Every structure is written in C-alpha cells, then in structure tokens.
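Structure first, commentary second.
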Number of protein chains: 4
Amino acid sequence: MQPTLRSFDLAHLGHVELLSPKLEQSLRFFVDVMGMTESGRQGASVYLRGWDDYERHTLKLTEAPVAGMGHFAYRATSPEALQRRVQAIEKAGRGKGWTEGDLGHGPAYAFTTSDGHSMEVYYETEWYNPPPELKPSLKNQAQRFPARGVNVRRLDHMNLLTSDVAELRRFMEDVLGHRTTEMIVLDSGQEAGVWVTCNNKSYDLAFTLDHYGAKGRFHHVTYALDSREEILRAADIFLEAGVHIETGPHKHAIQQTFFLYVYEPGGNRVEVANAGARLVLAPDWQPVVWTEAERKKGQAWGLKTIESFHTHGTPPIDQYQGPRTK
Amino acid sequence: MQPTLRSFDLAHLGHVELLSPKLEQSLRFFVDVMGMTESGRQGASVYLRGWDDYERHTLKLTEAPVAGMGHFAYRATSPEALQRRVQAIEKAGRGKGWTEGDLGHGPAYAFTTSDGHSMEVYYETEWYNPPPELKPSLKNQAQRFPARGVNVRRLDHMNLLTSDVAELRRFMEDVLGHRTTEMIVLDSGQEAGVWVTCNNKSYDLAFTLDHYGAKGRFHHVTYALDSREEILRAADIFLEAGVHIETGPHKHAIQQTFFLYVYEPGGNRVEVANAGARLVLAPDWQPVVWTEAERKKGQAWGLKTIESFHTHGTPPIDQYQGPRTK
Amino acid sequence: MQPTLRSFDLAHLGHVELLSPKLEQSLRFFVDVMGMTESGRQGASVYLRGWDDYERHTLKLTEAPVAGMGHFAYRATSPEALQRRVQAIEKAGRGKGWTEGDLGHGPAYAFTTSDGHSMEVYYETEWYNPPPELKPSLKNQAQRFPARGVNVRRLDHMNLLTSDVAELRRFMEDVLGHRTTEMIVLDSGQEAGVWVTCNNKSYDLAFTLDHYGAKGRFHHVTYALDSREEILRAADIFLEAGVHIETGPHKHAIQQTFFLYVYEPGGNRVEVANAGARLVLAPDWQPVVWTEAERKKGQAWGLKTIESFHTHGTPPIDQYQGPRTK
Amino acid sequence: MQPTLRSFDLAHLGHVELLSPKLEQSLRFFVDVMGMTESGRQGASVYLRGWDDYERHTLKLTEAPVAGMGHFAYRATSPEALQRRVQAIEKAGRGKGWTEGDLGHGPAYAFTTSDGHSMEVYYETEWYNPPPELKPSLKNQAQRFPARGVNVRRLDHMNLLTSDVAELRRFMEDVLGHRTTEMIVLDSGQEAGVWVTCNNKSYDLAFTLDHYGAKGRFHHVTYALDSREEILRAADIFLEAGVHIETGPHKHAIQQTFFLYVYEPGGNRVEVANAGARLVLAPDWQPVVWTEAERKKGQAWGLKTIESFHTHGTPPIDQYQGPRTK
C-alpha cells in the first residue's frame, strides 16, 4: 500500500459565501435558528460564525437575485504553503489573481475549480476576539456558548454539484493536494461522488454528479454539532421554526455522518451533522469505493435517499445561467 | 502570530504497551469490560484493538512483575518522514536503534524520551483484516461494532508523568515535531503540564509533573467513545463490573475533554473520553496557558481534582526503581 | 373539562407472549441482540426479561407454527381491583375463566378483547430475584446492567391490529378502565388508531385498523431504552446483526415516541423506543385527536410512513385463519 | 408482600412558590438560563412554566426579604379525591382552610406539614393556552420548545429539609396517601431521608434531616430534562452564565437520578435532572432502605457528597426565624 497523502499545504475549509435573494430572512435563520453570531457587515454581506470557529467568520451571507454559493475558501498551513498552491493553480490555468482580502482575512488568491466553482486560498486571517458579553468561561474556547437555537459549533464541510466528478477529483488531488477518502463509482466506471480531505477530518469537501449536467452548482454547507442527540434536538427546533426539513436525521452509509438537511429561507440547502470521534489518522488511507448496488441500499439504516437530494441545488436549475464567472 | 506547526512527520500515536502483574485479569478487563478485541498473542504479550482502530493493534498487554508502561509508539506519515525523525532523535542522543518490528508493524526505531520513557517510531504497519464473524456491515469501518461492555472506539491519547515537564516539552517539539496546544505554568514559572499533538486532534500526548520527582512513569492511556452519553453508560458498566472508578465522569477545563478514569486490574490508570467535535485545525494555534490560580478552580464544572490524580502512577512509587532502561 | 380517569384497577402491561416458528433464532435475537435475560423455560416456552423489569418475565417466547401474539396480560393494582375487573369482563361476556397461573405469576383471568385478542389479568406475581452473577451494584435496580447488545430496559407497550378500532377502544375504556390519550379519526368519522393508558405513561397499549379487516392480529411489542442516543446505537447493532430494520430511527408525531422498528427472526415486529420524560400526569387529560390531513404529514420530522407499517402484522395475512380461540 | 399503594387521591406535585430577595435577577435566571416562560404576574409574584407543563404555571416566584419556599401544592385526581384529602388533613389537625385560589388554579385547601411547611391541595386548574407565537408544531405538546438556555421540560420534584423525617413520612403516607419508594435509615434507627410518590414517578417529593434541627426549611426544586446529554449541556450553560454550580452532573445512588445542582440568584437551590425511563409501576413496591454504610459510599459512581448539600437550605440558617406561619 502506498502513501496517499497528497500535501500538507491546505489546513482546512475556511469559509463559504452563500447568496440569498432573501437576505434578512436568511440572516434570521442563521442567527436565531442555527444559533450563529454575526461578526461583521460590509456592502451587501453579513459575516457569521459558529461558537467554536476560531476565525472571525466561516459564513459570508450576500444578497443576490438568485440563491447559490458565491465562493468558498481554504486556509493554507503557512505562507510558503500558500505560494506553492498558487503556483500549482496557475500552472493548471485556473487562476484569476490575488484579491486584497476580505473582512476577517488577508490577501486571497482567487481561481475556479475545473467545474467553474469560485474558490480562494489564503493564509493571513483574523482570530476572533469576542466582545465582553461573548467571552467564554473557559479560555480555550473561541466564544461563549450561545444557548440559542441549534447552537452550531463550527463549519464542517461543503458539498458541490459538478458536471464531471472525476475531473474535479483530479483537480482537488493534483492541484490542491487533497486526498480522496471515499467515492462512488457506477457500474459504467463513471465516478458519481467523491469525498476529499486535506486534514484528519474524513472529509471537508464532497462533490456529486449534477443530474442536469450543469456546471458549478452548489449542494450544501454543513455545520457540526457535538452529538447525535443535538442533531435530533435540532430537528425539533427546525420543526418549531417552520424550517423545511428535507431528510433526516439519519446516518449516511458513506462516511457514516449523522445528518439532517434543511433549506434556509434563501433556498440553499444546509446540513447539521455530527461526525463523532471519526477521524482519518492513517497517512495511507485508501479510498473506500462504493458500487452502484451498494448505493441502492440507501442510507446506513435503510432509509431511501430522497429524490430531491439528487436534483435540488443552487442556483435552482430553472434559474441556472451557467457557472459564475465573476 | 507566527505559524506553530512543527512538522508533519508523525501521523498519530500508534500503540501503547501496558505491563500488568495480573495479565489474565487485565485481559478480561480490556476484552469483557472495555469491549476490545484480541488480535494476536506472542510471548508474554496479548495484542488488543478498539473496533475503529485501523491497525492490527493499539494496545499490547505484557505480563510483568510490576505495572507500568512498556513503551509507546508513533506512526510516521511516510518512510521519508520516519527517516527524518530518526535522524533528529539520533542527533539528540536519545536513540537506541532499530528493532525488527513486532506483531502488526514493521521495523521501528527505539529511543527514550528526555525523561526516560521507552518510545518507538515506525511506518510500515498491518491494516487490520477482520475474520468473517467480525466483518462490519459498512465497508468504511475497520471491524464490526462489538456491542459488548463499554465498546471503546479507538486509541485516543496517552499521559505521562515526568520529572521535568519543560524539558520533555522541548524534546517533543524540537525532536519529534509536536506542537503544544495547552499547558499549565505555575506562578514560579515552572511548567506543570503540557498537551501536545502531531495532527488535528487537540492532543494525543500529555505529560504532567511527577510529584515524587521520579522519572519515566506513566499516568494513563485513553480510548475514545463517540458521545458523552456513552461515557456515562461506561460508568454504569464499570460500577457493575467492580472496576475502581477514580474520578468522573466530568469535563476537564483543560482541553474540555469529558473524562472517566478507572484502574485496570493490573493497576494502570485507564481513561475513556469523548472529545466530540473538538479539533485543532488552525495551523497557527498558540498554546493556551493555564495559571496556578485557574487550575485551582478545579475541573470545568467545579469538581475538585482528586488527590490520587496527582500521586498515582505506574509503576507505583513504592515499587519504582528508576526509569526503564531496556 | 371533566375528569377522564377511568379507574385505577390496572397497574401496567405485565407481559406479552410471542409465537415464533423459529424459536431458537428468536431466542438468540432477544438474548444476544436485544440484551435480554432468560429467566425460565417451561414446555415450548422460554421466559425473558429486560434488566429493569421487576417481575420475573415480561416476554414469553413460545414455539408455534405461525408467528403472532399468544396472549398479553395486565397486572392489577390489588386483589380487590382484580376482582372488580373480572366482574366487568364477565359482565361484558368476554370471559374465558381463571387459569392456574404461569411461571412467574399467580392465577390469571383469561378473556378475549372485543376483537378476539387473547388477554389476561392477574395480581399475584414473582418479583425477580437475580442469581449472584446478575446482582446489581445498586440495590434499587432489578438486575445487573447486561452490557450486551441493545440492553433493553423494560417492557414499554404493545400495539394491536383490529378490525374495529372504536369497539376495541370502548372495550378498553369501559371494561378495563383505560383512558384514551391520543387517537386518529378519519374524515369519515371512523377511528383509525387509539392509544390508551392505565397509568402515567402516555400509553401502554395502542391499536390501529387492520387494512385487511382481519381480527385479532398483532402489530408490535416495544421495549424501552433510556435515551435517544441508545436507540441510534441500537440501529447500528441491528445493522451489524443482520436484523431487518423496517423504519426509523425517527420521531412519531403521535405520542412523540422516538422509534425504531425491526422484525425478529420469527417474523414479529419489535420496537425499541424512548419516551424520555414524557408522562401524562393530568387526571383530566383530554384525548388528542389527529385528523386524516394531519396524519398525511408523516412522522414528526417529515418521514413518510412506510407502507409495510400498515400491512405487516402477525400472523401474516397469508397465514391468517381467524382470531385465536384457544 | 402486601400492597403498598396508599391512595390515588393526589395526581402530582402541581407547583412550588419560591421566595427571592432578588426577584428581577431570579426571574432572569428562570427565563434566560433555565429557558422557562413567564405566564402571568400578580402582586409581588411572577408565574413561570416549563415548555411541557400542562398547567398555566408550575413555579410562582415571589419577592420576599429572605429566600425560601413559600408554599407547594398538589393537584388531586378528582373533586371527590380532593374532599377526601381535606377531611384527612383536618382530622390530623393541620388544616388552615380554603383559599380562593390563585392565578391559574381554583380553590385550594391550605395546611401545614408536620414540620411546618406551607402546603396546598386543589383540583380545578387552568390548562395552559399558549399565545400564537408559542403554539407548538405538534398538537400533543403544551407549548413551543423555546430553544433558549437550558430548556427545562417540566416540574419534576421537590426536596424539603425537616427536623423529623419519620414524622413527616407518616404524615405524607397516612394523611396525604403517598407511598415511600426509598429511604435512608441510620444505624441508630433514625430515618435520615425519605422519597415518596403519589403516581408512577419514583418520587415527586423527598425530605431529609435538617442538620441544624430547624423546622420547615427548603432544600431544592427540580425541573426535568429529556436526556443526560441535556444535563451536561446545562452545566456548560450555567458555567457560561456565571451561575454557581454546587455539585454534579453525577448520578445519585438513591433513585439513580442524574443530577446537577445550582443556586438561583435569590439563594434557593435548583436542580435539573433526568430520570430517564425509570418509573415505579409496581403497585406493591417495597421501600428500598439504604444504610449508613451504604450512604457513605457516596453517589453512584463514587463522587463524595458535597458538604453544603447537608447544610445549605433556605431560608439560610442565619436568617431562620422558625417555620413560616402565614
């Protein structure tokens, strides 16, 4: 068995920008129901964070005519690591150039994935400094536990839709240095889903085949909770708040994530999940390959995968106008 | 803030060898009460594993006249990384030389920590291949969930006692490339406890001051469970099995680990713990420094630290004959 | 609002007799997977108990050609209360007469429900006296926690299928003194499901319409666990044991029970559930009535009710030969 | 074994009146930290409820110079049952007479326990009718889940201090019809603690010896949560809110309650607890008697009972002026 570690240049998924045609309602959802904290505003965007996110924000919520994912960003492990990745991206011909940074982080290099999703890498960041009323009692914690709504802890991972899973996998592995931990390969040999990681979480990015063949669409963003019990309670809270529950709580066979999917008011899919003690510590972890037959068994305990899980993405297909290019 | 990542050469704590003067009783404890699986025997040793450990074993239980820790080992991230660490160890003058390996792993380089604990690093390992009756239903899992006793999931971390905390910290940082995530510094400036990691777990090794000034003693080894609820149930199971519960379940202020400490029949302290979703993903995490005053507040929710936690180690102090040298 | 308490004559559901065409496999399921304890054998029957059941047994497993429910029994609150209920049953013309009792309990009065289910009431019982190896550490507990499989705590409730819900409700209320806590009433006015209790549990008996119009069939028996986390773990254990999971874990809208349904090897449906802190303490609780439209919303968090939940009962409809008359 | 059921005349503990010298701070504690809902104000009192309490209120918070318990009340199972209990109280010479009722309930009969605690019994009550914004999504629930602070579910039980445990036990059994489920009897034969119930909860009232020999003091009131995980999270929330945690979370040996004790700002002790699936369904349950030696073992998992648990009560002993007589 050969080492599968690709590189240590990326540290973790840093933040995701969601586009909402109903900014105020989306904001209320993330603050009141998800229990997140607003940590800044600028232009048409509001910046948000979970109570254990160490950076100033992990979610940027931006007003836009159509729902979708604006961009997502990874933090590098060092300035040198950042340079290495930028060179690789430029060599792959996907680079767009440096930005001056954003509220909460320094210069970022912007580029597009092989499927056209907007993406950035950066190193310099602002560690969150809570105001007095949000200082935690334990100094090893980023912020006071809010005790409001679902109380999401931290950004966990993100899922994309793509017109070409294998190509996006190669881009993530070869250009960005991720390693693949699990994947779905159809009987035809076509890859239908891939889960990759750049650290010891078993994944912080996943991407599955877009059933419409569209490019650059978004499937969901996930925030982590500490226990399965909290996911169940989250379901109660979503129910009381009138939030649309798409499916769950249940346990995925793939990655064994305990999941719960809802739609935020802007139309984007949001997940709360618990990965428990599951980590990939082995440096030579070989991808677990799921066949078409295995996938048909449904989720871990037999729940059939809901149809909308394969079709709903943002932008919604009837408002889709090709991958974002700005 | 400067990067604090030391190196990516070590992947994770691989296994711990515990010495027991009551081998059969210790074995029954680990199999029947902890829910571990025996995966080999050789000489005076029995090899054991949790259901989610990917390597053949994470615990080597060896018959010996006096309780204690025989050695502990880290797996490197690649053959090259292993070579780099060996060179650093030899340069530090702590090397003992290569072993031919052991049941379940290939050649290991043996050495001693600055305080005399026996330690090894290795890369080649045997991925666990369960017999038919222990094949899991989900192929991304190492072994069938045992549904017996406490059902520990995987090796989590280990704690040492040391006569010189600062010196051991420098050894772990400079020679082995760990980074320090939390530490206790007394008013006198003396370091009293340090928690280090080589991956995204907030620690996989800790060491605290030996109140007797002895060298090379062992404090405890910890196995992870998925939830706090399972730790509570473990307390019920230990109670029913007549296992001595030293302290807990409660939550440490330091690292926020939800803990439960017991003594296995051979006399070694064993912990079951849940770290939940807590990870250190930041590459530039700065050590959290706890003062003497903060430490006096007790654990997170106010439980006073039990006296034996500062005095009990193995070998027991009345049987201590200096650091192991073999 | 008028008092709805019917009588205090019945204390609780005492035990259920399940018929299995695969006795040995059913026994292994209840002992190894459910974590129950065998507490006696007699004739073609094996007697079983959960670790917190105070009586000698709560489940009687009997070999039979076809799966089904042999009989179920309620314990009365006193000898006098028993007499009062027997008189009411005899007056209703449903009595069959006194039995000499069974392993674990004294004389029982046998009768049939309005739909032909075999039922008994009794008062004298044998409090379980565990053998030394099953003595609990805490003296207020019936038996040692087994730490094996699912570890079901105690018998919780039972569900029947019936050809006439309203008639069975009136029988349970008027003759046995139960009170109705929740019910489903179709737009046509027909009652489709009723939940009744004789104590502070929100129900210990439920019955729903048999879609085949058959009489006296059985839907499921339920054992209680302490937490929702344990139900989730039970799902993992059923999966590993190759037990067919029909639906769940999820939360019922009706009664808010957190449920998980499986089929035992003999073909009978078995549930593990957690009702948490939910009790009906109000003496004047009025039945909560669910409409056809409300029922169509599915379970609490939106899961659609699985088709087999409405059709599978025991005896299976293709082996049904009318209500048991013995 | 003889039946121990005393009577079915009392349904459950209905409400408790707490006296606070810091009304506004106490109110903020119960609303913001405990997650309770204000359901009325009258005079110097604010009325509060948990989200699953069916009556309008279960806590009456009254401004007073010194902390303590104003009165507590039980609801009867019927108007006739109420009359029977009033007659028994009058016969025992403890009656004070009928009140006109209070916000949320009808006429109540006031009396004192054998130790001088103010107590009431009533039948007529007001079922809580939530305003639109507090309507629950599931119609079998009293109120919307608040998703704020600790989110206590319902009033669970109350503990009193008494100068004479045995006398108070006889009063509770003989006059009010409670049955004793567990008790502590010292080597001298003196009763040191008694747990009684009037329903299927294993207790809804407890009383222990006042170490100062004072009469009529109050120990604590307890609200129930659904799971042990929620009790642990409550500890985090109390810590963040600066609430004094006295002891816990841990599991009592007696009654096996999973407990957490804090002091509300007015000085009264408040507990959040989870009793899980534990019920006393047996009509002939015999009291479990704990000896002095057994009690010295501490709590279930070995935690030593904290000293203040034996001494702190309200009114505080230095402000005690004899039992309340109003």
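We name chains A, B, ... following the order of the structure tokens; residues begin at 1 in each chain, and ligands are numbered from 1 as shown.
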
Discussion item. Residues of segment 143-267 of chain C classed as strand (DSSP E or B) by DSSP on the backbone are to be reported as number ranges by chain.
Written reply: C: 148, 154-162, 179-185, 191-197, 205-209, 218-224, 244-251, 258-263

Worksheet entry | Shell of 6 Å around Thr222 of chain A, only C-alpha atoms, local chain residues under 3 positions omitted, as a VMD selection string | chain A and resid 156 to 158 270 to 272

Generate the output file for the selected residues, N, CA and C atoms, as a compact mmCIF listing (two decimals), in the first residue's frame.
```txt
# COMPACT_ATOMS: atom_id res chain seq x y z
N ASP A 156 -18.16 22.61 9.12
CA ASP A 156 -17.60 21.27 9.00
C ASP A 156 -17.16 20.93 7.58
N HIS A 157 -18.08 21.02 6.63
CA HIS A 157 -17.70 20.69 5.26
C HIS A 157 -18.68 21.30 4.27
N MET A 158 -18.42 21.08 2.99
CA MET A 158 -19.25 21.64 1.94
C MET A 158 -19.39 20.63 0.83
N VAL A 270 -28.81 23.41 3.75
CA VAL A 270 -27.90 23.50 4.89
C VAL A 270 -28.01 22.20 5.67
N GLU A 271 -26.88 21.69 6.13
CA GLU A 271 -26.88 20.46 6.92
C GLU A 271 -26.32 20.74 8.31
N VAL A 272 -26.87 20.06 9.30
CA VAL A 272 -26.18 19.97 10.60
C VAL A 272 -25.83 18.50 10.75
```

Worksheet item: Quick one: which residues from chain A are at most 9 Å off chain B, using only C-alpha atoms, as a ChimeraX atom specification?
Response: /A:3,5,8,11-12,52,54-55,75-79,137-141,153-154,182,199-201,224-228,253-256,274-279,281-284,288-290,300

Item to complete: Please identify all polymer residues within 10 Å of Arg41 of chain D, counting only C-alpha atoms, omitting same-chain residues fewer than 3 positions from it, and present them as a PyMOL selection string.
Response: chain D and resi 38+44-48+60-62+103

N, CA, C and O atoms of the current selection, written as a short mmCIF file (atom, residue, chain, number, x, y, z; two decimals), in the first residue's frame:
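Final output, saved to again_1.cif:
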```
data_model
loop_
_atom_site.label_atom_id
_atom_site.label_comp_id
_atom_site.auth_asym_id
_atom_site.auth_seq_id
_atom_site.Cartn_x
_atom_site.Cartn_y
_atom_site.Cartn_z
N GLU D 38 -42.62 33.03 31.14
CA GLU D 38 -43.48 33.78 32.08
C GLU D 38 -44.92 33.66 31.60
O GLU D 38 -45.22 33.92 30.44
N ALA D 44 -46.71 40.73 44.08
CA ALA D 44 -45.24 40.63 44.10
C ALA D 44 -44.76 39.34 43.45
O ALA D 44 -43.62 38.94 43.66
N SER D 45 -45.63 38.69 42.69
CA SER D 45 -45.28 37.38 42.15
C SER D 45 -45.27 37.34 40.62
O SER D 45 -46.08 38.00 39.97
N VAL D 46 -44.36 36.54 40.08
CA VAL D 46 -44.32 36.24 38.65
C VAL D 46 -44.52 34.73 38.52
O VAL D 46 -43.96 33.96 39.30
N TYR D 47 -45.34 34.32 37.55
CA TYR D 47 -45.65 32.90 37.36
C TYR D 47 -44.91 32.35 36.15
O TYR D 47 -44.87 33.00 35.10
N LEU D 48 -44.34 31.16 36.30
CA LEU D 48 -43.47 30.60 35.26
C LEU D 48 -43.80 29.14 34.98
O LEU D 48 -44.37 28.44 35.82
N LYS D 60 -44.06 29.72 41.09
CA LYS D 60 -44.51 31.06 41.45
C LYS D 60 -43.33 31.71 42.15
O LYS D 60 -42.86 31.20 43.18
N LEU D 61 -42.87 32.80 41.59
CA LEU D 61 -41.68 33.46 42.11
C LEU D 61 -42.14 34.73 42.81
O LEU D 61 -42.72 35.61 42.18
N THR D 62 -41.89 34.80 44.11
CA THR D 62 -42.42 35.91 44.91
C THR D 62 -41.30 36.67 45.60
O THR D 62 -40.42 36.07 46.22
N LEU D 103 -53.81 32.73 40.55
CA LEU D 103 -53.70 32.80 39.10
C LEU D 103 -53.43 31.38 38.59
O LEU D 103 -52.45 30.75 38.99
#
```

Practice prompt. Could you please write out, as a list in words, every residue of segment 96-165 of chain A that DSSP assigns to helix (DSSP H, G or I)?
Written response: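 Answer for segment 96-165 of chain A restricted to helix (DSSP H, G or I) is Pro132, Glu133, Leu134 and Val165 of chain A.
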
Fill in: Within 8 Å of segment 163-176 of chain C using only C-alpha atoms, minus same-chain residues under 5 positions, as a list in words
Arg6, Leu10, Arg85, Ala88, Ile89, Ala92, Thr113, Ser114, Asp115, Gln190, Glu191, Ala192, Gly193, Val194, Val196, Phe207, Thr208, Leu209, Asp210, Gly213, Ala214, Lys215 and Gly216 of chain C

Worksheet, complete the sentence: Between atom CA of Thr314 of chain D and atom CA of His219 of chain D lies a distance of 6.7 Å

Practice prompt. Can you pull out every residue within 9 Å of segment 317-319 of chain A, counting only C-alpha atoms, but drop anything in the same chain fewer than 3 positions away, and send it as a list in words?
Written response: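 Answer for this query is Val66, Tyr212, Ala214, Arg217, Thr311, His312, Gly313 and Thr314 of chain A.
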
Please save N, CA, C and O atoms of the selected residues as a CSV table (one decimal), in the first residue's frame.
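And here is the file that came out, part-v4.csv:
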```
chain,number,residue,atom,x,y,z
A,66,VAL,N,-30.4,35.5,-7.1
A,66,VAL,CA,-30.6,34.1,-7.1
A,66,VAL,C,-29.8,33.4,-6.1
A,66,VAL,O,-28.6,33.7,-5.8
A,212,TYR,N,-28.5,17.4,-13.9
A,212,TYR,CA,-28.8,18.2,-15.0
A,212,TYR,C,-27.6,18.5,-15.9
A,212,TYR,O,-27.7,19.2,-16.9
A,214,ALA,N,-25.4,20.4,-15.3
A,214,ALA,CA,-25.0,21.8,-15.1
A,214,ALA,C,-23.6,21.9,-14.5
A,214,ALA,O,-23.1,21.0,-13.8
A,217,ARG,N,-22.6,24.2,-9.8
A,217,ARG,CA,-23.7,24.4,-8.8
A,217,ARG,C,-23.3,23.9,-7.4
A,217,ARG,O,-22.3,23.2,-7.2
A,311,THR,N,-31.6,16.2,-7.1
A,311,THR,CA,-32.0,17.3,-8.1
A,311,THR,C,-31.9,18.7,-7.5
A,311,THR,O,-31.5,19.6,-8.3
A,312,HIS,N,-32.1,18.9,-6.3
A,312,HIS,CA,-32.1,20.3,-5.8
A,312,HIS,C,-30.7,20.7,-5.5
A,312,HIS,O,-29.9,20.1,-4.8
A,313,GLY,N,-30.3,21.9,-6.2
A,313,GLY,CA,-29.1,22.5,-5.9
A,313,GLY,C,-29.3,24.0,-6.1
A,313,GLY,O,-30.4,24.4,-6.5
A,314,THR,N,-28.3,24.8,-5.8
A,314,THR,CA,-28.5,26.2,-6.0
A,314,THR,C,-27.3,26.7,-6.9
A,314,THR,O,-26.2,26.3,-6.6
```

Worksheet item: Could you work out how far atom CA of His220 of chain D lies from atom CA of Val31 of chain D, giving the answer in Å with one decimal?
Response: 17.9 Å

Excluding Thr197 of chain B and its own-chain neighbours fewer than 6 positions away, which residues fall within 8 Å of it when counting only C-alpha atoms? Please give them as a short mmCIF file (atom, residue, chain, number, x, y, z; two decimals) with all heavy atoms, in the first residue's frame.
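Resulting contents of part-v3.cif:
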```cif
data_model
loop_
_atom_site.label_atom_id
_atom_site.label_comp_id
_atom_site.auth_asym_id
_atom_site.auth_seq_id
_atom_site.Cartn_x
_atom_site.Cartn_y
_atom_site.Cartn_z
N HIS B 178 6.20 17.75 17.52
CA HIS B 178 4.86 18.02 18.04
C HIS B 178 4.67 19.53 18.23
O HIS B 178 5.63 20.28 18.34
CB HIS B 178 4.67 17.35 19.41
CG HIS B 178 4.48 15.88 19.35
ND1 HIS B 178 5.53 15.00 19.22
CD2 HIS B 178 3.37 15.11 19.43
CE1 HIS B 178 5.06 13.75 19.23
NE2 HIS B 178 3.75 13.79 19.35
N ARG B 179 3.42 19.94 18.33
CA ARG B 179 3.15 21.32 18.73
C ARG B 179 2.34 21.31 20.02
O ARG B 179 1.51 20.41 20.24
CB ARG B 179 2.43 22.10 17.63
CG ARG B 179 1.16 21.46 17.13
CD ARG B 179 0.52 22.34 16.06
NE ARG B 179 -0.57 21.62 15.39
CZ ARG B 179 -1.61 22.23 14.84
NH1 ARG B 179 -1.70 23.55 14.87
NH2 ARG B 179 -2.56 21.54 14.25
N THR B 180 2.58 22.29 20.86
CA THR B 180 1.90 22.37 22.15
C THR B 180 0.59 23.13 21.98
O THR B 180 0.58 24.23 21.43
CB THR B 180 2.80 23.10 23.17
OG1 THR B 180 3.97 22.30 23.36
CG2 THR B 180 2.09 23.29 24.50
N THR B 181 -0.51 22.54 22.46
CA THR B 181 -1.80 23.23 22.32
C THR B 181 -2.27 23.87 23.64
O THR B 181 -2.90 24.90 23.62
CB THR B 181 -2.89 22.27 21.80
OG1 THR B 181 -2.94 21.11 22.64
CG2 THR B 181 -2.58 21.84 20.36
N TYR B 203 -4.90 17.00 21.16
CA TYR B 203 -3.70 16.41 21.77
C TYR B 203 -3.76 14.91 21.57
O TYR B 203 -4.84 14.34 21.52
CB TYR B 203 -3.55 16.75 23.25
CG TYR B 203 -4.63 16.25 24.18
CD1 TYR B 203 -4.38 15.29 25.16
CD2 TYR B 203 -5.93 16.76 24.10
CE1 TYR B 203 -5.37 14.84 26.01
CE2 TYR B 203 -6.93 16.32 24.94
CZ TYR B 203 -6.64 15.37 25.89
OH TYR B 203 -7.65 14.93 26.74
N ASP B 204 -2.59 14.29 21.42
CA ASP B 204 -2.58 12.83 21.54
C ASP B 204 -1.52 12.39 22.54
O ASP B 204 -1.32 11.20 22.76
CB ASP B 204 -2.49 12.07 20.20
CG ASP B 204 -1.41 12.57 19.28
OD1 ASP B 204 -0.53 13.29 19.74
OD2 ASP B 204 -1.45 12.21 18.09
N LEU B 205 -0.92 13.38 23.19
CA LEU B 205 0.03 13.08 24.26
C LEU B 205 -0.01 14.23 25.26
O LEU B 205 -0.09 15.39 24.87
CB LEU B 205 1.45 12.93 23.68
CG LEU B 205 2.55 12.61 24.68
CD1 LEU B 205 2.31 11.25 25.34
CD2 LEU B 205 3.91 12.63 24.00
#
```
